[in-house]
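Structure, as structure tokens:
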Amino acid sequence: MQRRLGLLQWASKCYLAAVRLLDVIQRSTTYLEERGVPSPRLQVELLLSHFLKLPRLQLYLEFERVLGPEILDPLREAVRRRGRREPLQHIIGSTSFCGLEIEVSPDALVPRPETELLAERAWTWLQDHPGTPDRPPSVLDWGTGTACIAIAVATHAPAARITAIDISPAALELARRNVDRHQCADRIRLQLADGAAALDPEVRFDLVVSNPPYIPASEIETLDPEVRDHDPRAALDGGPDGLDAYRRLASELPARLHPGGALLVEFGDGQASAVSGILTAAGWFVPEIHRDYSGRERLLLATREP
């Protein structure tokens with residue numbers, strides 16, 4: 001109790017006066033640590049980097065720098081929000097995805113580092129299947145959210161023409177801002193749609209890419225507060241076993257692919273066998289399963305031809 005009072009007294013005092021950067025890091029780290037925030041010092045450093053507009057490692061050269069109210073006031077509120085387990089990305093308002101700055105909000109899933117692998121495999125597939133001058137490669141981003149995958153693919157495979165769909169109007173507005181920010185509007189068409197069945201029946205794609213909801217409904221309450229309380233439930237809830245979206249993809253997409261087309265999907269821990277089984281039972285072939293940076297099976301490529 002005495003220590004907590006000391007922290008509160010420090011917070012009241014230090015934000016009214018100039019304080020050394022190192023003192024701010026140390027005290028704010030303790031504040032977040034006591035509230036169970038993972039990697040508390042890193043979180044504080046990232047917040048300071050954002051408000052000071054400095055690379056994070058530059059902070060280590062400026063420990064004696066004195067911070068005034070113009071930095072301390074917004075930092076105090078940001079640290080309090082992080083202490084309530086609001087995601088760092090929501091506080092800052094953006095995140096990096098494949099080296100691209102992507103605006104985020106509670107309207108869409110915060111892009112994860114492992115999903116960068118999905119985007120990278122998509123654009124490398126397109127580089128190997130460049131289409132023709134008369135028919136550039138066409139891509140469907142099924143459940144686009146922030147449009148991070150679509151933008152990364154458009155950036156690295158500029159010949160591709162991408163249709164990005166989502167069931168949420170709010171997510172599509174966020175996606176539109178990101179598409180405009182990265183000047184991809186001529187290559188990415190955003191559309192409100194509940195799956196591929198809502199699209200023009202004549203439209204076909206060379207590649208479908210998706211990071212669908214895959215958390216079993218009963219497990220959502222066990223997730224970290226940053227995810228459970230701040231990501232849209234519709235972007236998390238994969239139904240009773242977490243696999244509902246894969247059943248839809250398996251059944252909806254065969255009629256939507258050009259000959260030689262492919263499906264790339266991300267899935268959750270331990271779901272590789274089940275997702276592969278759903279696809280193969282529906283007549284797909286699964287020639288590739290890829291692992292993420294931690295060695296877990298994380299995404300697969302499926303085709304309609306062996």
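Convention: chains lettered A, B, ... in structure tokens order; per-chain residue numbering from 1; ligands numbered from 1 as shown.
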Write out as a PDB file with C-alpha atoms, in the first residue's frame which residues come within 6 Å of A:Pro87 when counting only C-alpha atoms, dropping same-chain ones fewer than 2 positions away.
```
ATOM      1  CA  GLN A  89      -1.502   0.184 -31.021  1.00  0.00           C
ATOM      2  CA  HIS A  90      -4.879   1.765 -30.191  1.00  0.00           C
ATOM      3  CA  GLU A 226      -5.879  -6.430 -25.024  1.00  0.00           C
TER       4      GLU A 226
END
```
(request) Just list the residues in stretch 109-161 of chain A DSSP gives strand (DSSP E) on the backbone, as a ChimeraX atom specification. (result) /A:138-142,161
How would the residues just chosen look if you wrote them out with C-alpha atoms as a PDB file, in the first residue's frame?
```pdb
ATOM      1  CA  SER A 138      -6.746 -10.839 -59.478  1.00  0.00           C
ATOM      2  CA  VAL A 139      -6.866 -11.245 -55.700  1.00  0.00           C
ATOM      3  CA  LEU A 140      -9.657 -11.534 -53.149  1.00  0.00           C
ATOM      4  CA  ASP A 141      -8.836 -10.434 -49.588  1.00  0.00           C
ATOM      5  CA  TRP A 142     -11.598 -12.209 -47.630  1.00  0.00           C
ATOM      6  CA  ARG A 161      -5.908  -6.047 -58.836  1.00  0.00           C
TER       7      ARG A 161
END
```
(request) Quick one: everything within 10 Å of A:Ile188, counting only C-alpha atoms, minus sequence neighbours fewer than 3 positions away in the same chain. Send it as a list in words. (result) Val139, Leu140, Asp141, Ala147, Ala150, Ile151, Val153, Ala154, Ala160, Arg161, Ile162, Thr163, Ala164, Arg176, Val179, Asp180, Gln183, Cys184, Ala185 and Gln191 of chain A
(request) Tell me which of A:Leu52, A:Leu88, A:Val208, A:Leu126 sits closest to A:Leu263, counting only C-alpha atoms. (result) A:Val208
Residues within 10 Å of A:Glu64, please, as an mmCIF file with C-alpha atoms, in the first residue's frame. Count only C-alpha atoms; anything in the same chain fewer than 2 positions from it doesn't count.
```cif
data_model
loop_
_atom_site.group_PDB
_atom_site.id
_atom_site.type_symbol
_atom_site.label_atom_id
_atom_site.label_comp_id
_atom_site.auth_asym_id
_atom_site.auth_seq_id
_atom_site.Cartn_x
_atom_site.Cartn_y
_atom_site.Cartn_z
ATOM 1 C CA VAL A 19 11.535 15.184 -14.976
ATOM 2 C CA ARG A 20 14.469 13.200 -16.329
ATOM 3 C CA LEU A 21 13.601 10.784 -19.088
ATOM 4 C CA LEU A 22 15.186 7.875 -17.206
ATOM 5 C CA ASP A 23 13.051 8.577 -14.127
ATOM 6 C CA LEU A 59 16.142 7.087 -25.884
ATOM 7 C CA TYR A 60 19.166 5.315 -24.389
ATOM 8 C CA LEU A 61 21.338 8.229 -25.428
ATOM 9 C CA GLU A 62 19.026 10.762 -23.808
ATOM 10 C CA VAL A 66 14.445 16.722 -19.085
ATOM 11 C CA LEU A 67 10.819 16.341 -20.116
#
```
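Among the residues of stretch 185-234 of chain A, backbone DSSP assigns alpha helix (DSSP H) to Pro225, Glu226, Val227 and Arg228 of chain A.
Near A:Thr95, within a cut-off of 12 Å and counting only C-alpha atoms, sit the residues Leu46, His50, Pro87, Leu88, Gln89, His90, Ile91, Ile92, Gly93, Phe97, Cys98, Gly99, Leu100, Glu101, Ile102, Glu103, Val104, Ser105, Leu109, Val110, Pro111, Arg112, Pro113, Thr146, Cys148 and Asn178 of chain A, with same-chain residues fewer than 2 positions away left out.
Of the listed residues (A:Ile71, A:Val203, A:Leu42, A:Ala152), A:Leu42 comes nearest to A:Leu57; the distances count only C-alpha atoms.
With only C-alpha atoms as the atoms that count, the minimum distance from A:Val79 to the choices A:Ala108, A:Leu54, A:Ala250, A:Val37 is reached by A:Val37.
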(request) Quote the spacing between atom CA of A:Ala175 and atom CA of A:Arg256 in Å to one decimal place. (result) 23.2 Å
Please identify every residue of stretch 80-199 of chain A that has at least one atom no farther than 12 Å from an atom of stretch 282-289 of chain A, counting only C-alpha atoms, and for each give the shortest atom pair and the distance in Å to one decimal, arranged by chain then increasing number, as JSON lines.
```
{"residue": "A:Leu117", "atom": "CA", "partner": "A:Ile289", "partner_atom": "CA", "distance": 11.8}
{"residue": "A:Leu118", "atom": "CA", "partner": "A:Ile289", "partner_atom": "CA", "distance": 11.1}
{"residue": "A:Arg121", "atom": "CA", "partner": "A:Glu288", "partner_atom": "CA", "distance": 10.7}
{"residue": "A:Trp125", "atom": "CA", "partner": "A:Glu288", "partner_atom": "CA", "distance": 11.9}
```
(request) Quick one: everything within 9 Å of A:Leu192, counting only C-alpha atoms, minus sequence neighbours fewer than 5 positions away in the same chain. Send it as a PyMOL selection string. (result) chain A and resi 164-169+172+198
(message) Please report the interatomic distance between atom CA of A:Arg204 and atom CA of A:Ala255 in Å with one decimal.
(response) 7.8 Å
(message) Counting only C-alpha atoms, which residue out of A:Leu190, A:Ala281, A:Val209, A:Leu75 sits closest to A:Arg177?
(response) A:Leu190
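Distance annotation: of A:Glu120, A:Phe205, A:Asp269, A:Gly242, the residue with the minimal separation from A:Ser294 is A:Asp269; atom set is only C-alpha atoms.
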(message) Neighbouring residues of A:Pro216 were defined as those with any atom within 10 Å, considering only C-alpha atoms; residues of the same chain fewer than 5 positions away were excluded. Please report them as a PyMOL selection string.
(response) chain A and resi 236-244+268
Go ahead and write the selection's residues with C-alpha atoms as a PDB file, in the first residue's frame.
```
ATOM      1  CA  LEU A 236     -12.111 -13.401 -33.301  1.00  0.00           C
ATOM      2  CA  ASP A 237     -15.074 -15.767 -33.011  1.00  0.00           C
ATOM      3  CA  GLY A 238     -14.620 -18.788 -35.250  1.00  0.00           C
ATOM      4  CA  GLY A 239     -17.663 -20.630 -33.933  1.00  0.00           C
ATOM      5  CA  PRO A 240     -17.801 -23.560 -31.499  1.00  0.00           C
ATOM      6  CA  ASP A 241     -14.594 -25.183 -32.772  1.00  0.00           C
ATOM      7  CA  GLY A 242     -12.984 -22.116 -34.377  1.00  0.00           C
ATOM      8  CA  LEU A 243     -13.334 -23.573 -37.880  1.00  0.00           C
ATOM      9  CA  ASP A 244     -16.574 -22.089 -39.234  1.00  0.00           C
ATOM     10  CA  GLY A 268      -4.564 -20.814 -35.048  1.00  0.00           C
TER      11      GLY A 268
END
```
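Residue nearest A:Ala235, chosen from A:Thr144, A:Thr132, A:Ser218, A:Ser94 and counting only C-alpha atoms: A:Thr144.
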